[in-house]
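Chemist: Following this message is one structure expressed as C-alpha cells.
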Amino acid sequence: MEKSINGGGDIITERYTFVIIGGGIAGVTCAETTAICCPHESILLLTESNVIKTVANLEPVARYLYKFDVLERSLANATDNSSVRQLLAPSIVTQVDNLKHVDANEKFIITKKNKKIYYKYLCLCTGGRPRLIENDNPLIMGIRDTDSVLELQKKLANSKTVVLVGNGGIASELAYELKGIEVHWVVKDNHIASTFIDPGAAYFFQKVMDTNEGDALNNTSQSIVKRLRYDEIVATESSSKKGAALGPDWHRHFDLKGTDSSVSKPIIHFKSLVKDMSEYFDSDRNKTLMKVELNTGEVIVCDFLVSATGVDPRLDYSCEPQLDVDAEDLGIRVNEMMQTSCEYIYAAGDVCTAAWEKAEHWFQMRLWTQARQMGSMAGRSMAAHHNGEQIYQDFCFELFGHVTHLFGMPVILLGRYNGQGLGINYEVLLRTTPGHEYIKFILQNGKLRGVILIGNTELAEMCENLILNGIDLTPFGDDILNPDIDIDDYFD
C-alpha cells in the first residue's frame, strides 16, 4: 500500500493491488480468499458500515453443500491498521467509507471522504437495496441489515399492529418470529413462502405455525407418499444506512416481540396487494398511524408497515466507462470468472448478474449462500489474473444448493427444486409426515432434477449425487421415498 496527500491536503491518494467494495458476505469472502491466494499483496476492504460480516462454522451438509453461521465484527473500536488487521487476514486493510466513482481507464476509485484509491484489480460487492413499496416514509421500513432490525425492535416496543408485505425468505422469517403483536401478512400468491416452496410445503408449514411454535403434531403420524403430475399445481415466483445484508438464521440473534402476549400467529391475506396507504393522527394513542387498503377492499390500521418485497442490485455510484448492466435484472453482468465488461473489474453477490452459460442444475438466486460462493470465486479469479494463472469455475456452480431455516425447521433446497425452467414435463414425488418432515423430489424422464428437504435433511448427500450423476430412477418407482426402505443403501 502507498499513501500520499495531494492538493494541500484536500485529496488523499492510496494504492493497493486489490480493492474490494462491500463488507457483506460476498465482499469479506472475496477479501479473505484473495489474501489466501496472494498473502504478500496489499488488499483494501472498503465498507460503508462499522459492521462487517464473516463466515464462520462452515460445515459440510453434502459433498458440495455447506451450512454456516455469519459473525458480525465491529470496526468501531479499530482505530489503526494493526487493530483492523486482527479482524481479518494480516494483508487486509479495512476502511469505512462510501464508493462514489470508478475510473476504469486510469484504474482508481473516488470515495465520499475524498480519497483517490488506485487499484490493479477491483471487485464490486455492493449488494442490494430493499425494494420498498414507498421510499422516504417513516412508517414504512425494509429489513436488510442489522441496523434495520434494531430499528424494528424499537418500533415493536410501542406498537400494536404491523402490516408485513412480501412472500420471500425475510417475510417468512418475520411472520414466524414476530410475537406479541398483531401481524397482518399480505402475500400476492395463494400460498406462503412462494420464493422457496410449493403449495404443499406451504400447507405443511401453516400446520407447523398452528402448533405451539413448531412442535411436532404427533410422533406416531403415518408418512404419506404420493406422486403428482406438475400440471396439477402451478408455482409462482432506502434506508440511509446501508450495512451488509443479514445472514442465515439472523432472527435467532434478535428478540422480535411486542407487548401483547395474547397474539400468537399472523393473519394471512392471500392473493392480496397493497392498493393505497394513508396516514392519520390518533389522539387517543398520541401517534401517527397508517391505513393500508388492499386490492380486496379490506382496510388495515397499523402502527407501521414492513416492506419485504425483495432487493435490487445497488449501483449508486458512477463508472467510466460504464459497466455492462443486464437490462432485465439490472445487475452488473459477469462471466464465469466473475469478471465484468472491464478486464480488471470483478463483481460478486447481489449486485451482479450471472451472464455465463449456466449449468443444467444451477440458476442464480440472490441468497447469502451464493454471495459466499461468488465472493470466493471472484477472489480466486483476481488472484489467478494477477499471477498469470488459469483456473476453472468452482464446482459449486454445477448444482444449486441452499441451506436455511423456515418457520423453525431446517430446509435444504437442491437443483431445480420447484421445477424452475422445466415447464410442465416432470413429476413430483412427495413424502410428508405432518409436523416432522416434508420431502419433495422433482423427476424428469426418470432422473432426479431437484429436491426440497424440510425437517429431515439426512438425504441431502444422496440427493446431490443422484442429481449430478443423472441416474435413471425409473426402476425404483415410488420406493425412492418409501420410509420403510433405506434408499441410501442402493446408492452407497
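Please note that chains go A, B, ... in the order of the C-alpha cells, that every chain numbers its residues from 1, and that ligands are numbered from 1 in the order shown.
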Just want the 8 Å neighbourhood of A:Ala348, counted on only C-alpha atoms, with same-chain residues fewer than 3 positions away dropped. Output as a compact mmCIF listing (two decimals) with C-alpha atoms, in the first residue's frame.
Modeler:
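The result, stored in out13.txt:
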# COMPACT_ATOMS: atom_id res chain seq x y z
CA ALA A 26 -19.53 -11.57 -0.73
CA GLY A 27 -17.03 -8.78 -0.08
CA CYS A 123 -14.21 -6.20 -7.04
CA LEU A 124 -17.64 -4.64 -6.55
CA CYS A 125 -19.66 -6.37 -3.82
CA MET A 338 -16.95 -13.09 -12.03
CA VAL A 351 -25.02 -6.64 -7.24
CA CYS A 352 -24.12 -8.93 -10.13
CA ALA A 371 -22.89 -14.50 -2.15
CA MET A 374 -19.39 -15.78 -5.81
CA GLY A 375 -17.13 -13.86 -3.45
CA ALA A 378 -14.04 -13.57 -7.56
Chemist: Which residues, written as a PyMOL selection string, have at least one atom at most 7 Å from stretch 439-443 of chain A, with only C-alpha atoms counted and residues fewer than 6 positions away on the same chain left out?
Modeler: chain A and resi 417+419+426-432+449-454
Chemist: Within 12 Å of stretch 287-295 of chain A, which residues of stretch 87-171 of chain A come that close, and what is the closest atom pair and distance in Å for each? Count only C-alpha atoms and give it as JSON lines.
Modeler:
{"residue": "A:Ile133", "atom": "CA", "partner": "A:Val292", "partner_atom": "CA", "distance": 11.8}
{"residue": "A:Asn137", "atom": "CA", "partner": "A:Met290", "partner_atom": "CA", "distance": 10.8}
{"residue": "A:Pro138", "atom": "CA", "partner": "A:Thr288", "partner_atom": "CA", "distance": 10.2}
{"residue": "A:Leu139", "atom": "CA", "partner": "A:Met290", "partner_atom": "CA", "distance": 7.4}
{"residue": "A:Ile140", "atom": "CA", "partner": "A:Met290", "partner_atom": "CA", "distance": 9.5}
{"residue": "A:Asn158", "atom": "CA", "partner": "A:Lys287", "partner_atom": "CA", "distance": 10.0}
{"residue": "A:Ser159", "atom": "CA", "partner": "A:Leu289", "partner_atom": "CA", "distance": 9.8}
{"residue": "A:Lys160", "atom": "CA", "partner": "A:Leu289", "partner_atom": "CA", "distance": 10.5}
{"residue": "A:Thr161", "atom": "CA", "partner": "A:Leu289", "partner_atom": "CA", "distance": 9.7}
{"residue": "A:Val162", "atom": "CA", "partner": "A:Met290", "partner_atom": "CA", "distance": 9.6}
{"residue": "A:Val163", "atom": "CA", "partner": "A:Val292", "partner_atom": "CA", "distance": 8.1}
{"residue": "A:Leu164", "atom": "CA", "partner": "A:Val292", "partner_atom": "CA", "distance": 10.9}
{"residue": "A:Val165", "atom": "CA", "partner": "A:Val292", "partner_atom": "CA", "distance": 10.9}
Chemist: Find the spatial neighbours of A:Glu328, counting only C-alpha atoms, within a cut-off of 12 Å - ignore same-chain residues fewer than 5 positions away - and output them as a list in words.
Modeler: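 So the residues in contact are Asp312, Pro313, Arg333, Thr353 and Ala355 of chain A.
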Chemist: Write to file, as an mmCIF file, in the first residue's frame, the residues of the selection just made, with C-alpha atoms.
Modeler:
data_model
loop_
_atom_site.group_PDB
_atom_site.id
_atom_site.type_symbol
_atom_site.label_atom_id
_atom_site.label_comp_id
_atom_site.auth_asym_id
_atom_site.auth_seq_id
_atom_site.Cartn_x
_atom_site.Cartn_y
_atom_site.Cartn_z
ATOM 1 C CA ASP A 312 -32.489 -4.520 -6.355
ATOM 2 C CA PRO A 313 -28.772 -4.501 -7.231
ATOM 3 C CA ARG A 333 -23.150 -8.730 -15.898
ATOM 4 C CA THR A 353 -25.971 -10.979 -12.736
ATOM 5 C CA ALA A 355 -24.273 -13.854 -17.593
#
Chemist: Go ahead and compute the interatomic distance for atom CA of A:Gly128 and atom CA of A:Glu357, in Å to one decimal.
Modeler: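 Here the two named atoms are 23.4 Å from each other.
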Chemist: What does the structure give for the distance between atom CA of A:Thr457 and atom CA of A:Thr404, in Å to one decimal?
Modeler: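 We find that atom CA of A:Thr457 and atom CA of A:Thr404 lie 11.0 Å from each other.
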Chemist: Among stretch 250-424 of chain A, which ones does DSSP place in strand (DSSP E or B), written as an MDAnalysis selection string?
Modeler: chainID A and resid 257 267:269 274:282 287:294 299:302 304:307 311:313 318:320 325 332:334 339 345:347 352:354 361 399 401:406 409:415
Chemist: Within 12 Å of A:Asn286, counting only C-alpha atoms, which residues show up once you throw out same-chain ones fewer than 4 positions away? Write them as a PyMOL selection string, please.
Modeler: chain A and resi 158+280-282+303
Chemist: Please produce a file of those selected residues containing N, CA, C and O atoms, as a tab-separated table (two decimals), in the first residue's frame.
Modeler:
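So out.tsv came out as:
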chain	number	residue	atom	x	y	z
A	158	ASN	N	-43.55	-0.12	21.04
A	158	ASN	CA	-44.64	0.84	21.19
A	158	ASN	C	-45.70	0.65	20.11
A	158	ASN	O	-46.32	1.61	19.66
A	280	TYR	N	-52.88	9.05	9.46
A	280	TYR	CA	-53.72	9.93	10.27
A	280	TYR	C	-53.21	9.93	11.70
A	280	TYR	O	-52.52	8.99	12.13
A	281	PHE	N	-53.54	10.95	12.42
A	281	PHE	CA	-53.07	11.08	13.81
A	281	PHE	C	-54.14	10.55	14.76
A	281	PHE	O	-55.28	10.99	14.73
A	282	ASP	N	-53.75	9.59	15.59
A	282	ASP	CA	-54.65	9.02	16.58
A	282	ASP	C	-54.43	9.76	17.90
A	282	ASP	O	-53.40	9.59	18.57
A	303	ASP	N	-49.53	0.34	13.04
A	303	ASP	CA	-48.54	1.30	13.54
A	303	ASP	C	-47.46	1.57	12.50
A	303	ASP	O	-46.95	2.68	12.41
Chemist: Using only C-alpha atoms, pick whichever of A:Pro60, A:Glu398, A:Val334, A:Gly388 has the shortest atom-to-atom distance to A:Lys358.
Modeler: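 Distance minimum relative to A:Lys358 lands on A:Glu398.
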Chemist: Could you please write out, as a PyMOL selection string, every residue of stretch 8-201 of chain A that DSSP assigns to alpha helix (DSSP H)?
Modeler: chain A and resi 25-37+81-85+146-156+169-177+199-201
Chemist: For each of A:Pro199, A:Gly127, A:Gly142, A:Pro475, take the minimum atom-to-atom distance to A:Val306, counting only C-alpha atoms, then give the residue where this is smallest.
Modeler: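 Checking each candidate against A:Val306, we get A:Gly142 as the closest.
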Chemist: List as a list in words the protein and nucleic acid residues near A:Phe68, meaning an atom at most 8 Å away when only C-alpha atoms are counted, but skip any in the same chain fewer than 3 places from it.
Modeler: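 Counting only C-alpha atoms, the residues come to Val55, Ala56, Asn57, Leu58, Glu59 and Pro248 of chain A.
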Chemist: What is the atom CA of A:Ile467 to atom CA of A:Asn335 distance in Å?
Modeler: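 Interatomic distance here is 24.5 Å.
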Chemist: From the list A:Thr126, A:Thr13, A:Ser283, A:Ser376, which residue is nearest A:Ser49 when using only C-alpha atoms?
Modeler: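 For A:Ser49, the nearest of the candidates is A:Thr126.
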